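Structure file entry_16.txt (compact mmCIF, C-alpha atoms) follows.
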# COMPACT_ATOMS: atom_id res chain seq x y z
CA MET A 549 77.82 76.03 62.90
CA PRO A 550 79.53 77.61 65.90
CA HIS A 551 77.41 79.93 68.09
CA ILE A 552 79.84 82.83 67.50
CA ALA A 553 82.14 83.79 64.61
CA LEU A 554 85.17 81.64 65.41
CA PRO A 555 88.18 81.52 63.05
CA GLU A 556 87.44 79.02 60.29
CA GLY A 557 89.37 75.81 59.69
CA LEU A 558 90.41 75.33 63.33
CA PRO A 559 88.92 72.30 65.10
CA GLY A 560 87.51 72.19 68.62
CA ILE A 561 89.23 74.16 71.34
CA THR A 562 91.86 75.55 68.97
CA SER A 563 89.22 77.87 67.48
CA GLY A 564 88.26 79.17 70.93
CA PHE A 565 91.95 79.68 71.69
CA ALA A 566 92.52 81.61 68.45
CA PHE A 567 89.42 83.75 69.10
CA ARG A 568 90.59 84.75 72.61
CA PRO A 569 94.38 84.39 73.05
CA GLU A 570 94.26 86.08 76.47
CA THR A 571 92.29 83.21 78.01
CA ALA A 572 94.02 80.59 75.84
CA LYS A 573 97.34 81.24 77.58
CA PRO A 574 96.41 80.17 81.14
CA MET A 575 94.17 77.38 79.78
CA ARG A 576 97.12 75.96 77.84
CA GLU A 577 99.43 76.34 80.84
CA LEU A 578 96.99 74.57 83.13
CA ALA A 579 96.68 71.59 80.75
CA HIS A 580 100.45 71.51 80.34
CA VAL A 581 101.15 71.35 84.09
CA LEU A 582 98.41 68.78 84.69
CA LEU A 583 99.00 66.46 81.74
CA HIS A 584 102.58 67.02 80.61
CA GLY A 585 104.52 68.53 83.54
CA PRO A 586 106.57 66.49 86.01
CA SER A 587 104.36 64.01 87.90
CA THR A 588 104.52 60.59 89.50
CA LEU A 589 101.56 59.67 87.28
CA THR A 590 102.67 58.89 83.71
CA GLY A 591 101.55 60.97 80.75
CA GLY A 592 99.48 58.00 79.59
CA GLU A 593 97.70 57.67 82.94
CA ARG A 594 96.86 61.37 83.09
CA GLU A 595 95.63 61.43 79.47
CA LEU A 596 93.41 58.43 80.25
CA ILE A 597 91.81 60.37 83.12
CA ALA A 598 91.23 63.36 80.78
CA THR A 599 89.83 61.07 78.08
CA TYR A 600 87.51 59.27 80.47
CA VAL A 601 86.05 62.50 81.87
CA SER A 602 85.63 63.94 78.35
CA SER A 603 83.84 60.76 77.36
CA GLN A 604 81.50 61.01 80.38
CA ASN A 605 80.82 64.61 79.33
CA ASP A 606 80.14 63.39 75.78
CA CYS A 607 82.61 65.82 74.19
CA TYR A 608 83.71 64.28 70.87
CA PHE A 609 86.66 66.57 70.17
CA CYS A 610 88.17 66.28 73.66
CA GLN A 611 87.73 62.55 74.12
CA THR A 612 89.15 61.88 70.65
CA SER A 613 92.15 64.23 70.82
CA HIS A 614 93.06 63.21 74.39
CA GLY A 615 92.35 59.57 73.55
CA ALA A 616 94.88 59.94 70.74
CA ALA A 617 97.38 61.56 73.12
CA ALA A 618 96.85 58.68 75.58
CA ALA A 619 97.37 56.12 72.81
CA ALA A 620 100.54 57.92 71.71
CA HIS A 621 101.87 57.56 75.26
CA LEU A 622 100.78 53.92 75.50
CA GLY A 623 102.38 52.31 72.44
CA LYS A 624 99.45 53.24 70.17
CA ASP A 625 97.12 50.98 72.13
CA THR A 626 93.82 52.49 70.98
CA GLY A 627 91.99 49.35 72.15
CA LEU A 628 93.03 50.08 75.73
CA VAL A 629 91.84 53.68 75.43
CA ASP A 630 88.42 52.53 74.19
CA LYS A 631 88.20 49.97 76.97
CA VAL A 632 88.97 52.59 79.64
CA LYS A 633 86.26 54.86 78.25
CA ARG A 634 83.63 52.12 78.25
CA ASP A 635 84.49 49.88 81.20
CA PHE A 636 87.67 50.92 82.99
CA LEU A 637 87.15 48.61 85.97
CA ARG A 638 87.66 45.63 83.65
CA SER A 639 90.47 47.18 81.60
CA PRO A 640 94.13 46.20 82.04
CA VAL A 641 95.16 49.32 83.96
CA SER A 642 96.63 49.34 87.49
CA ASP A 643 94.37 49.16 90.53
CA LYS A 644 95.65 52.58 91.53
CA LEU A 645 94.57 54.11 88.22
CA LYS A 646 91.17 52.43 88.52
CA ALA A 647 90.74 54.00 91.97
CA LEU A 648 91.74 57.41 90.56
CA LEU A 649 89.29 57.01 87.67
CA VAL A 650 86.53 56.34 90.21
CA ILE A 651 87.36 59.69 91.87
CA ALA A 652 87.50 61.42 88.46
CA GLY A 653 84.04 60.05 87.62
CA GLN A 654 82.70 61.39 90.92
CA VAL A 655 84.16 64.85 90.22
CA GLN A 656 82.54 64.80 86.77
CA LYS A 657 79.13 64.40 88.43
CA GLY A 658 79.88 67.19 90.90
CA GLY A 659 82.44 68.05 93.58
CA LYS A 660 80.24 66.83 96.43
CA HIS A 661 80.02 63.37 94.85
CA VAL A 662 83.60 62.57 95.84
CA THR A 663 83.49 60.19 98.80
CA ALA A 664 86.02 59.67 101.56
CA GLU A 665 85.76 55.94 100.79
CA SER A 666 86.93 56.33 97.20
CA VAL A 667 89.80 58.57 98.34
CA GLU A 668 90.74 55.98 100.97
CA THR A 669 90.69 53.20 98.36
CA ALA A 670 93.01 55.21 96.11
CA ARG A 671 95.33 55.83 99.03
CA GLN A 672 95.42 52.12 99.89
CA GLN A 673 96.42 51.42 96.28
CA GLY A 674 99.38 53.74 96.75
CA ALA A 675 98.04 57.08 95.51
CA THR A 676 99.68 60.12 97.13
CA ASP A 677 97.89 63.29 98.15
CA LEU A 678 99.42 65.07 95.15
CA GLU A 679 98.15 62.36 92.79
CA ILE A 680 94.66 62.59 94.31
CA HIS A 681 94.78 66.39 94.05
CA ASP A 682 95.83 66.25 90.40
CA THR A 683 93.15 63.67 89.59
CA VAL A 684 90.47 65.94 91.09
CA LEU A 685 91.81 68.95 89.21
CA ILE A 686 92.23 67.12 85.88
CA ALA A 687 88.63 65.93 86.13
CA ALA A 688 87.40 69.40 87.16
CA ALA A 689 89.43 71.09 84.40
CA PHE A 690 87.94 68.81 81.74
CA CYS A 691 84.48 69.74 82.98
CA MET A 692 85.58 73.23 81.89
CA TYR A 693 87.33 72.36 78.61
CA ASN A 694 84.48 70.07 77.51
CA ARG A 695 81.84 72.73 78.22
CA TYR A 696 83.92 75.36 76.45
CA VAL A 697 84.30 73.23 73.31
CA ASP A 698 80.66 72.13 73.13
CA GLY A 699 79.16 75.32 74.61
CA LEU A 700 80.54 77.33 71.67
CA ALA A 701 79.44 74.57 69.24
CA THR A 702 82.95 74.42 67.75
CA TRP A 703 83.69 72.58 64.51
CA GLN A 704 84.64 68.98 65.40
CA PRO A 705 85.73 67.10 62.28
CA GLN A 706 85.61 63.29 62.29
CA ASP A 707 89.03 62.77 60.76
CA PRO A 708 91.02 60.00 62.52
CA ALA A 709 94.32 61.06 60.91
CA MET A 710 93.98 64.60 62.24
CA TYR A 711 93.39 63.39 65.81
CA SER A 712 96.22 60.88 65.56
CA SER A 713 98.61 63.62 64.49
CA MET A 714 97.35 65.93 67.26
CA GLY A 715 97.78 63.15 69.80
CA GLU A 716 101.40 62.60 68.75
CA HIS A 717 102.09 66.32 69.09
CA LEU A 718 100.42 66.57 72.51
CA ALA A 719 102.19 63.48 73.85
CA THR A 720 105.56 64.76 72.64
CA HIS A 721 105.40 68.52 73.13
CA GLY A 722 102.55 69.11 75.56
CA TYR A 723 100.10 71.96 75.51
CA ILE A 724 101.96 75.25 75.33
CA THR A 725 102.36 75.25 71.56
CA PRO A 726 99.46 74.73 69.12
CA SER A 727 98.96 71.10 68.10
CA ILE A 728 97.45 72.07 64.76
CA GLU A 729 99.25 73.63 61.83
CA VAL A 730 97.17 76.56 60.67
CA VAL A 731 97.00 76.12 56.91
CA PRO A 732 95.98 79.32 55.14
CA THR A 733 93.06 78.69 52.82
CA MET B 1487 87.97 67.51 106.93
CA ALA B 1488 89.56 67.80 103.54
CA HIS B 1489 90.15 64.61 101.51
CA ILE B 1490 93.91 65.36 101.38
CA GLN B 1491 96.30 67.18 103.71
CA LEU B 1492 95.86 70.85 102.74
CA PRO B 1493 97.65 73.75 104.49
CA ASP B 1494 95.83 74.96 107.63
CA GLY B 1495 94.11 78.30 107.88
CA LEU B 1496 93.37 78.78 104.18
CA PRO B 1497 89.69 78.17 103.38
CA GLY B 1498 88.20 77.07 100.07
CA ILE B 1499 90.28 77.27 96.95
CA ARG B 1500 93.13 79.06 98.73
CA GLY B 1501 94.19 75.93 100.60
CA ALA B 1502 94.22 73.94 97.36
CA MET B 1503 96.15 76.66 95.55
CA ALA B 1504 98.77 76.84 98.31
CA PHE B 1505 99.08 73.03 98.12
CA ARG B 1506 99.88 73.17 94.37
CA PRO B 1507 101.30 76.58 93.32
CA GLU B 1508 102.12 75.30 89.80
CA THR B 1509 98.43 74.92 88.96
CA ALA B 1510 97.41 77.92 91.09
CA LYS B 1511 99.24 80.26 88.72
CA PRO B 1512 97.17 79.59 85.57
CA LEU B 1513 94.00 79.18 87.67
CA ASN B 1514 94.46 82.71 89.06
CA GLU B 1515 95.48 84.18 85.71
CA LEU B 1516 92.38 82.74 84.04
CA VAL B 1517 89.95 84.14 86.61
CA GLU B 1518 91.75 87.50 86.57
CA ILE B 1519 91.18 87.86 82.79
CA LEU B 1520 87.62 86.60 82.91
CA LEU B 1521 86.35 88.55 85.91
CA HIS B 1522 88.68 91.45 86.70
CA ALA B 1523 90.47 92.63 83.54
CA PRO B 1524 88.93 95.38 81.38
CA ASN B 1525 85.87 94.12 79.50
CA SER B 1526 82.68 95.51 77.96
CA LEU B 1527 80.84 93.53 80.66
CA THR B 1528 81.30 95.20 84.05
CA PRO B 1529 83.04 93.34 86.89
CA GLY B 1530 79.67 93.28 88.69
CA GLU B 1531 77.99 91.58 85.72
CA ARG B 1532 80.75 89.02 85.36
CA GLU B 1533 80.83 88.26 89.09
CA LEU B 1534 77.05 87.75 89.00
CA ILE B 1535 77.52 85.13 86.25
CA ALA B 1536 80.21 83.39 88.34
CA THR B 1537 78.00 83.57 91.45
CA TYR B 1538 74.95 82.21 89.65
CA VAL B 1539 76.85 79.23 88.21
CA SER B 1540 78.46 78.49 91.59
CA SER B 1541 75.01 78.59 93.17
CA GLU B 1542 73.65 76.16 90.55
CA ASN B 1543 76.62 73.90 91.33
CA ASP B 1544 75.83 74.24 95.06
CA CYS B 1545 79.36 75.34 95.97
CA TYR B 1546 79.03 77.34 99.20
CA TYR B 1547 82.51 78.84 99.21
CA CYS B 1548 82.46 79.98 95.58
CA GLN B 1549 78.95 81.41 95.54
CA THR B 1550 79.57 83.27 98.80
CA ILE B 1551 82.94 84.80 97.94
CA HIS B 1552 81.97 85.69 94.36
CA GLY B 1553 78.60 86.95 95.63
CA ALA B 1554 80.54 89.21 98.01
CA ILE B 1555 82.82 90.41 95.20
CA ALA B 1556 79.74 91.04 93.03
CA ALA B 1557 78.08 93.05 95.84
CA ALA B 1558 81.28 95.06 96.35
CA SER B 1559 81.15 95.92 92.64
CA LEU B 1560 77.42 96.79 92.81
CA ASN B 1561 77.21 99.42 95.60
CA ASP B 1562 77.05 96.69 98.27
CA ASP B 1563 73.65 95.53 96.96
CA GLU B 1564 73.64 92.08 98.57
CA SER B 1565 69.89 91.64 98.01
CA LEU B 1566 70.39 91.99 94.24
CA VAL B 1567 73.01 89.22 94.37
CA LYS B 1568 70.63 86.93 96.26
CA LYS B 1569 67.81 87.72 93.81
CA VAL B 1570 70.04 86.84 90.84
CA LYS B 1571 70.94 83.50 92.43
CA HIS B 1572 67.34 82.50 93.11
CA ASP B 1573 65.28 84.20 90.37
CA PHE B 1574 67.39 86.22 87.95
CA GLN B 1575 64.54 86.64 85.44
CA ASN B 1576 62.78 88.89 87.95
CA ALA B 1577 65.91 90.62 89.23
CA ASP B 1578 66.68 94.29 88.58
CA ILE B 1579 69.36 93.66 85.93
CA THR B 1580 69.48 94.36 82.20
CA PRO B 1581 67.69 92.11 79.70
CA LYS B 1582 71.12 91.48 78.13
CA LEU B 1583 72.53 90.13 81.38
CA LYS B 1584 69.43 87.96 81.83
CA ALA B 1585 70.03 86.49 78.36
CA LEU B 1586 73.68 85.83 79.23
CA LEU B 1587 72.66 84.16 82.50
CA VAL B 1588 70.37 81.85 80.51
CA ILE B 1589 73.41 80.80 78.44
CA ALA B 1590 75.52 80.39 81.59
CA GLY B 1591 72.85 78.14 83.10
CA GLN B 1592 72.84 76.01 79.95
CA VAL B 1593 76.63 75.66 80.08
CA GLN B 1594 76.38 74.61 83.73
CA LYS B 1595 74.17 71.68 82.69
CA GLY B 1596 76.56 70.74 79.87
CA GLY B 1597 78.07 72.30 76.75
CA LYS B 1598 75.54 70.70 74.42
CA HIS B 1599 72.66 72.34 76.32
CA VAL B 1600 73.50 75.76 74.83
CA THR B 1601 70.88 76.55 72.18
CA GLY B 1602 71.05 78.68 69.06
CA GLU B 1603 67.91 80.41 70.32
CA ALA B 1604 69.51 81.47 73.61
CA VAL B 1605 72.54 82.84 71.75
CA ALA B 1606 70.35 84.67 69.18
CA LYS B 1607 68.35 86.22 72.01
CA ALA B 1608 71.50 87.51 73.75
CA ARG B 1609 72.73 88.92 70.45
CA ALA B 1610 69.38 90.63 69.78
CA LEU B 1611 69.72 92.31 73.19
CA GLY B 1612 73.13 93.70 72.25
CA ALA B 1613 75.58 91.00 73.40
CA THR B 1614 78.74 90.81 71.29
CA ASP B 1615 80.48 87.59 70.25
CA LEU B 1616 83.21 88.31 72.78
CA GLU B 1617 80.65 88.76 75.57
CA ILE B 1618 78.96 85.49 74.60
CA HIS B 1619 82.35 83.77 74.46
CA ASP B 1620 83.30 85.07 77.89
CA THR B 1621 79.94 84.08 79.36
CA VAL B 1622 80.40 80.51 78.10
CA LEU B 1623 83.95 80.38 79.44
CA ILE B 1624 83.10 81.96 82.83
CA ALA B 1625 80.34 79.37 83.26
CA ALA B 1626 82.62 76.53 82.11
CA ALA B 1627 85.47 77.71 84.34
CA PHE B 1628 83.23 77.80 87.41
CA CYS B 1629 82.18 74.23 86.66
CA MET B 1630 85.90 73.59 87.21
CA TYR B 1631 86.55 75.84 90.22
CA ASN B 1632 83.40 74.60 92.00
CA ARG B 1633 84.35 70.95 91.48
CA TYR B 1634 87.91 71.63 92.59
CA VAL B 1635 86.78 73.30 95.83
CA ASP B 1636 84.12 70.72 96.74
CA GLY B 1637 85.91 67.71 95.23
CA LEU B 1638 88.81 68.15 97.65
CA GLY B 1639 86.44 68.67 100.59
CA THR B 1640 88.01 72.04 101.44
CA THR B 1641 87.23 73.97 104.61
CA GLN B 1642 84.40 76.47 103.99
CA PRO B 1643 83.67 78.74 106.97
CA ARG B 1644 80.03 79.76 107.36
CA ASP B 1645 80.69 83.33 108.62
CA GLU B 1646 79.48 85.64 105.85
CA ALA B 1647 81.28 88.65 107.36
CA VAL B 1648 84.61 87.03 106.48
CA TYR B 1649 83.56 86.73 102.83
CA ARG B 1650 82.19 90.29 102.79
CA GLU B 1651 85.50 91.79 103.87
CA ARG B 1652 87.57 89.69 101.51
CA GLY B 1653 85.13 90.36 98.67
CA LYS B 1654 85.80 94.09 98.94
CA ARG B 1655 89.54 93.50 98.73
CA VAL B 1656 89.34 91.12 95.74
CA ALA B 1657 87.03 93.55 93.92
CA ARG B 1658 89.63 96.28 94.47
CA GLU B 1659 92.91 94.40 93.96
CA GLY B 1660 92.04 91.51 91.65
CA TYR B 1661 92.87 87.82 91.87
CA VAL B 1662 96.52 87.67 90.91
CA THR B 1663 97.59 90.44 93.32
CA ILE B 1664 95.72 88.98 96.29
CA SER B 1665 97.01 85.45 95.55
CA LYS B 1666 100.52 86.64 96.46
CA GLU B 1667 99.41 86.46 100.12
CA TYR B 1668 99.26 82.68 100.04
CA LEU B 1669 101.47 81.64 97.14
CA PRO B 1670 105.27 81.55 97.14
CA ALA B 1671 106.95 84.52 95.41
CA THR B 1672 108.14 82.42 92.48
CA VAL B 1673 106.75 79.19 91.09
Written as structure tokens, how would this file's structure read?
Amino acid sequence: MPHIALPEGLPGITSGFAFRPETAKPMRELAHVLLHGPSTLTGGERELIATYVSSQNDCYFCQTSHGAAAAAHLGKDTGLVDKVKRDFLRSPVSDKLKALLVIAGQVQKGGKHVTAESVETARQQGATDLEIHDTVLIAAAFCMYNRYVDGLATWQPQDPAMYSSMGEHLATHGYITPSIEVVPT
Amino acid sequence: MAHIQLPDGLPGIRGAMAFRPETAKPLNELVEILLHAPNSLTPGERELIATYVSSENDCYYCQTIHGAIAAASLNDDESLVKKVKHDFQNADITPKLKALLVIAGQVQKGGKHVTGEAVAKARALGATDLEIHDTVLIAAAFCMYNRYVDGLGTTQPRDEAVYRERGKRVAREGYVTISKEYLPATV
């Protein structure tokens, strides 16, 4: 049961957003710019970074919904998403994305864990300053979203069809509009 | 030296925000609502939560600027701010704020660390659901801001007087207004 009286029937972060629309607005906008706005990183690459960090933070709702969004971007390749979560260095992603995932994993542990060496490796693989910036901020932002979702003890159903549908919505429309139809009960 | 080429002369999060105004906008709007907008928790109480979490995350820039904003909101009581960072259970603050700081400290460790007991205690001391929600989100958000500031290796001057002066201005004007100094007029 959630720690506070959140609206019923809304999974994960959508219940926190419905409870407090004032904070939902900038949180949605931030996710939209980072994961769906114009970028030299693809939507799939950015969703993989978000999924990996959410997995490291052990947040079921976030890693599953963003994993579904990543899969929707990547030709429904859920096997690749699972591989990135478990062992990205041996997954078939680009060397640049591997280097960015290393940085994201360092940010997840704490800002001071990011090393100049890992930034240099990413740069040698072709990462730009903007891509490194966005990787750091995606990883930092998911350290917020994950804590928000689990810190309120939100309802996190284990319904693959729901996450698959959310992932399609997120990959297509981004984060400004709700990804869940609110069905009156 | 920062890990990427950030604009000169803007310490801490300001350099990162000037580098990427598109993300700076929601980042400033979020902190404005959480820490500066009208709320049943005072600005001083909310800034103390932000300062405590930043201290637990060992982010010098964030704990010093938010500590200065907290002090500016609390009759310049800098010793109270330091006491809250190091030993809030014995600080001269309300039992309700202590209970909220316990929750904030749990969030800092990870979302799953928040216990039903800690929430029940805060509620028994008068905390509303909205105050508990905002405490969780302030703590979560500073786990982002702190990582952003340190993860980019931003410049963080060690002169506390600089933070003290800016803290007074942020406490007065808020985050969105003051961000116009270093962000372009339209994004």
Item to complete: Identify which of the residues B:His1619, B:Arg1500, B:Arg1532, B:Lys1607 lies closest to chain A, counting all atoms listed in the file when measuring atom-to-atom distances.
Response: B:His1619
May I ask you to extract the residues of chain A within 8 Å of chain B, using only C-alpha atoms, and to give them as an mmCIF file with C-alpha atoms, in the frame of the given file?
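Written out: part38.cif:
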data_model
loop_
_atom_site.group_PDB
_atom_site.id
_atom_site.type_symbol
_atom_site.label_atom_id
_atom_site.label_comp_id
_atom_site.auth_asym_id
_atom_site.auth_seq_id
_atom_site.Cartn_x
_atom_site.Cartn_y
_atom_site.Cartn_z
ATOM 1 C CA HIS A 551 77.410 79.930 68.090
ATOM 2 C CA ILE A 552 79.840 82.830 67.500
ATOM 3 C CA ALA A 553 82.140 83.790 64.610
ATOM 4 C CA GLU A 570 94.260 86.080 76.470
ATOM 5 C CA THR A 571 92.290 83.210 78.010
ATOM 6 C CA PRO A 574 96.410 80.170 81.140
ATOM 7 C CA MET A 575 94.170 77.380 79.780
ATOM 8 C CA GLU A 577 99.430 76.340 80.840
ATOM 9 C CA LEU A 578 96.990 74.570 83.130
ATOM 10 C CA VAL A 581 101.150 71.350 84.090
ATOM 11 C CA LEU A 582 98.410 68.780 84.690
ATOM 12 C CA ASN A 605 80.820 64.610 79.330
ATOM 13 C CA VAL A 655 84.160 64.850 90.220
ATOM 14 C CA GLN A 656 82.540 64.800 86.770
ATOM 15 C CA GLY A 658 79.880 67.190 90.900
ATOM 16 C CA GLY A 659 82.440 68.050 93.580
ATOM 17 C CA LYS A 660 80.240 66.830 96.430
ATOM 18 C CA HIS A 661 80.020 63.370 94.850
ATOM 19 C CA VAL A 662 83.600 62.570 95.840
ATOM 20 C CA ALA A 664 86.020 59.670 101.560
ATOM 21 C CA VAL A 667 89.800 58.570 98.340
ATOM 22 C CA ASP A 677 97.890 63.290 98.150
ATOM 23 C CA ILE A 680 94.660 62.590 94.310
ATOM 24 C CA HIS A 681 94.780 66.390 94.050
ATOM 25 C CA VAL A 684 90.470 65.940 91.090
ATOM 26 C CA LEU A 685 91.810 68.950 89.210
ATOM 27 C CA ALA A 688 87.400 69.400 87.160
ATOM 28 C CA ALA A 689 89.430 71.090 84.400
ATOM 29 C CA PHE A 690 87.940 68.810 81.740
ATOM 30 C CA CYS A 691 84.480 69.740 82.980
ATOM 31 C CA MET A 692 85.580 73.230 81.890
ATOM 32 C CA TYR A 693 87.330 72.360 78.610
ATOM 33 C CA ASN A 694 84.480 70.070 77.510
ATOM 34 C CA ARG A 695 81.840 72.730 78.220
ATOM 35 C CA TYR A 696 83.920 75.360 76.450
ATOM 36 C CA VAL A 697 84.300 73.230 73.310
ATOM 37 C CA ASP A 698 80.660 72.130 73.130
ATOM 38 C CA GLY A 699 79.160 75.320 74.610
ATOM 39 C CA LEU A 700 80.540 77.330 71.670
ATOM 40 C CA ALA A 701 79.440 74.570 69.240
#
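One finds CA of Pro586 (chain A) at 23.7 Å from CA of Thr612 (chain A).
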Worksheet entry | Surrounding residues of region 714-716 of chain A excluding itself and chain neighbours under 3 positions, 6 Å, all atoms listed in the file, as JSON, numbers by chain | {"A": [613, 616, 617, 620, 711, 719, 727]}
Worksheet item: B:Lys1582, B:Glu1646, B:Ser1665, B:His1552: which is nearest Leu1521 (chain B), counting only C-alpha atoms?
Response: B:His1552
Discussion item. Nearest residue to Arg568 (chain A) out of A:Ala709, A:Ala687, A:Ala598, A:Leu554, using all atoms listed in the file?
Written reply: A:Leu554
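Minimum atom-to-atom distances from A:Gly591, A:Gly653, A:Pro726, A:Gly560 to Cys607 (chain A) were compared using all atoms listed in the file, and the lowest value belongs to A:Gly560.
Once Pro555 (chain A) and its same-chain neighbours fewer than 5 positions away are set aside, Ser563, Ala566 and Phe567 of chain A remain within 7 Å of it when counting all atoms listed in the file.
Distance check against Thr683 (chain A) using only C-alpha atoms: of A:Gln604, A:Ser587, A:Thr626, A:Gln611, the minimum falls on A:Ser587.
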Worksheet item: Could you work out how far CA of Ala1608 (chain B) lies from CA of Lys1584 (chain B), giving the answer in Å with one decimal?
Response: 8.4 Å
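Between CA of Lys631 (chain A) and CA of Ala675 (chain A) there is a distance of 22.2 Å.
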Worksheet entry | Close residues, Leu1583 (chain B) itself excluded, 8 Å, all atoms listed in the file, min 4 positions apart in chain, as a count of residues only | 3
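Nearest to Asp682 (chain A) of all the residues B:Met1503, B:Val1648, B:Leu1496, B:Ala1671 is B:Met1503, counting all atoms listed in the file.
Excluding Ile1664 (chain B) itself and same-chain residues fewer than 5 positions from it, the residues having an atom within 9 Å of it are B:Arg1655, B:Val1656, B:Glu1659, counting only C-alpha atoms.
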Would you compute, for all listed atoms of region 669-677 of chain A, the axis-aligned bounding box grown by 6 Å on each side, and then report its centre and edge lengths in Å rounded to one decimal, as lines of an AutoDock Vina configuration file?
center_x = 95.2
center_y = 57.4
center_z = 97.7
size_x = 21.0
size_y = 23.9
size_z = 16.4
Kindly add N, CA and C atoms to the incomplete region 656-672 of chain A and provide the output as a tab-separated table (two decimals), in the coordinates of the input.
chain	number	residue	atom	x	y	z
A	656	GLN	N	83.31	64.45	87.97
A	656	GLN	CA	82.54	64.80	86.77
A	656	GLN	C	81.08	65.02	87.11
A	657	LYS	N	80.54	64.23	88.03
A	657	LYS	CA	79.13	64.40	88.43
A	657	LYS	C	78.95	65.66	89.25
A	658	GLY	N	79.95	66.01	90.03
A	658	GLY	CA	79.88	67.19	90.90
A	658	GLY	C	80.84	67.02	92.06
A	659	GLY	N	81.41	68.12	92.54
A	659	GLY	CA	82.44	68.05	93.58
A	659	GLY	C	81.99	67.30	94.83
A	660	LYS	N	80.72	67.46	95.20
A	660	LYS	CA	80.24	66.83	96.43
A	660	LYS	C	80.05	65.33	96.28
A	661	HIS	N	80.16	64.82	95.05
A	661	HIS	CA	80.02	63.37	94.85
A	661	HIS	C	81.26	62.59	95.28
A	662	VAL	N	82.38	63.28	95.45
A	662	VAL	CA	83.60	62.57	95.84
A	662	VAL	C	83.45	62.06	97.27
A	663	THR	N	83.67	60.77	97.47
A	663	THR	CA	83.49	60.19	98.80
A	663	THR	C	84.84	59.92	99.47
A	664	ALA	N	84.83	59.99	100.79
A	664	ALA	CA	86.02	59.67	101.56
A	664	ALA	C	86.44	58.22	101.29
A	665	GLU	N	85.45	57.35	101.03
A	665	GLU	CA	85.76	55.94	100.79
A	665	GLU	C	86.58	55.77	99.51
A	666	SER	N	86.19	56.48	98.45
A	666	SER	CA	86.93	56.33	97.20
A	666	SER	C	88.32	56.92	97.33
A	667	VAL	N	88.47	57.99	98.11
A	667	VAL	CA	89.80	58.57	98.34
A	667	VAL	C	90.65	57.58	99.14
A	668	GLU	N	90.02	56.95	100.14
A	668	GLU	CA	90.74	55.98	100.97
A	668	GLU	C	91.19	54.77	100.13
A	669	THR	N	90.32	54.32	99.23
A	669	THR	CA	90.69	53.20	98.36
A	669	THR	C	91.90	53.57	97.50
A	670	ALA	N	91.88	54.77	96.94
A	670	ALA	CA	93.01	55.21	96.11
A	670	ALA	C	94.28	55.26	96.95
A	671	ARG	N	94.15	55.73	98.17
A	671	ARG	CA	95.33	55.83	99.03
A	671	ARG	C	95.88	54.44	99.35
A	672	GLN	N	94.97	53.50	99.60
A	672	GLN	CA	95.42	52.12	99.89
A	672	GLN	C	96.12	51.49	98.70
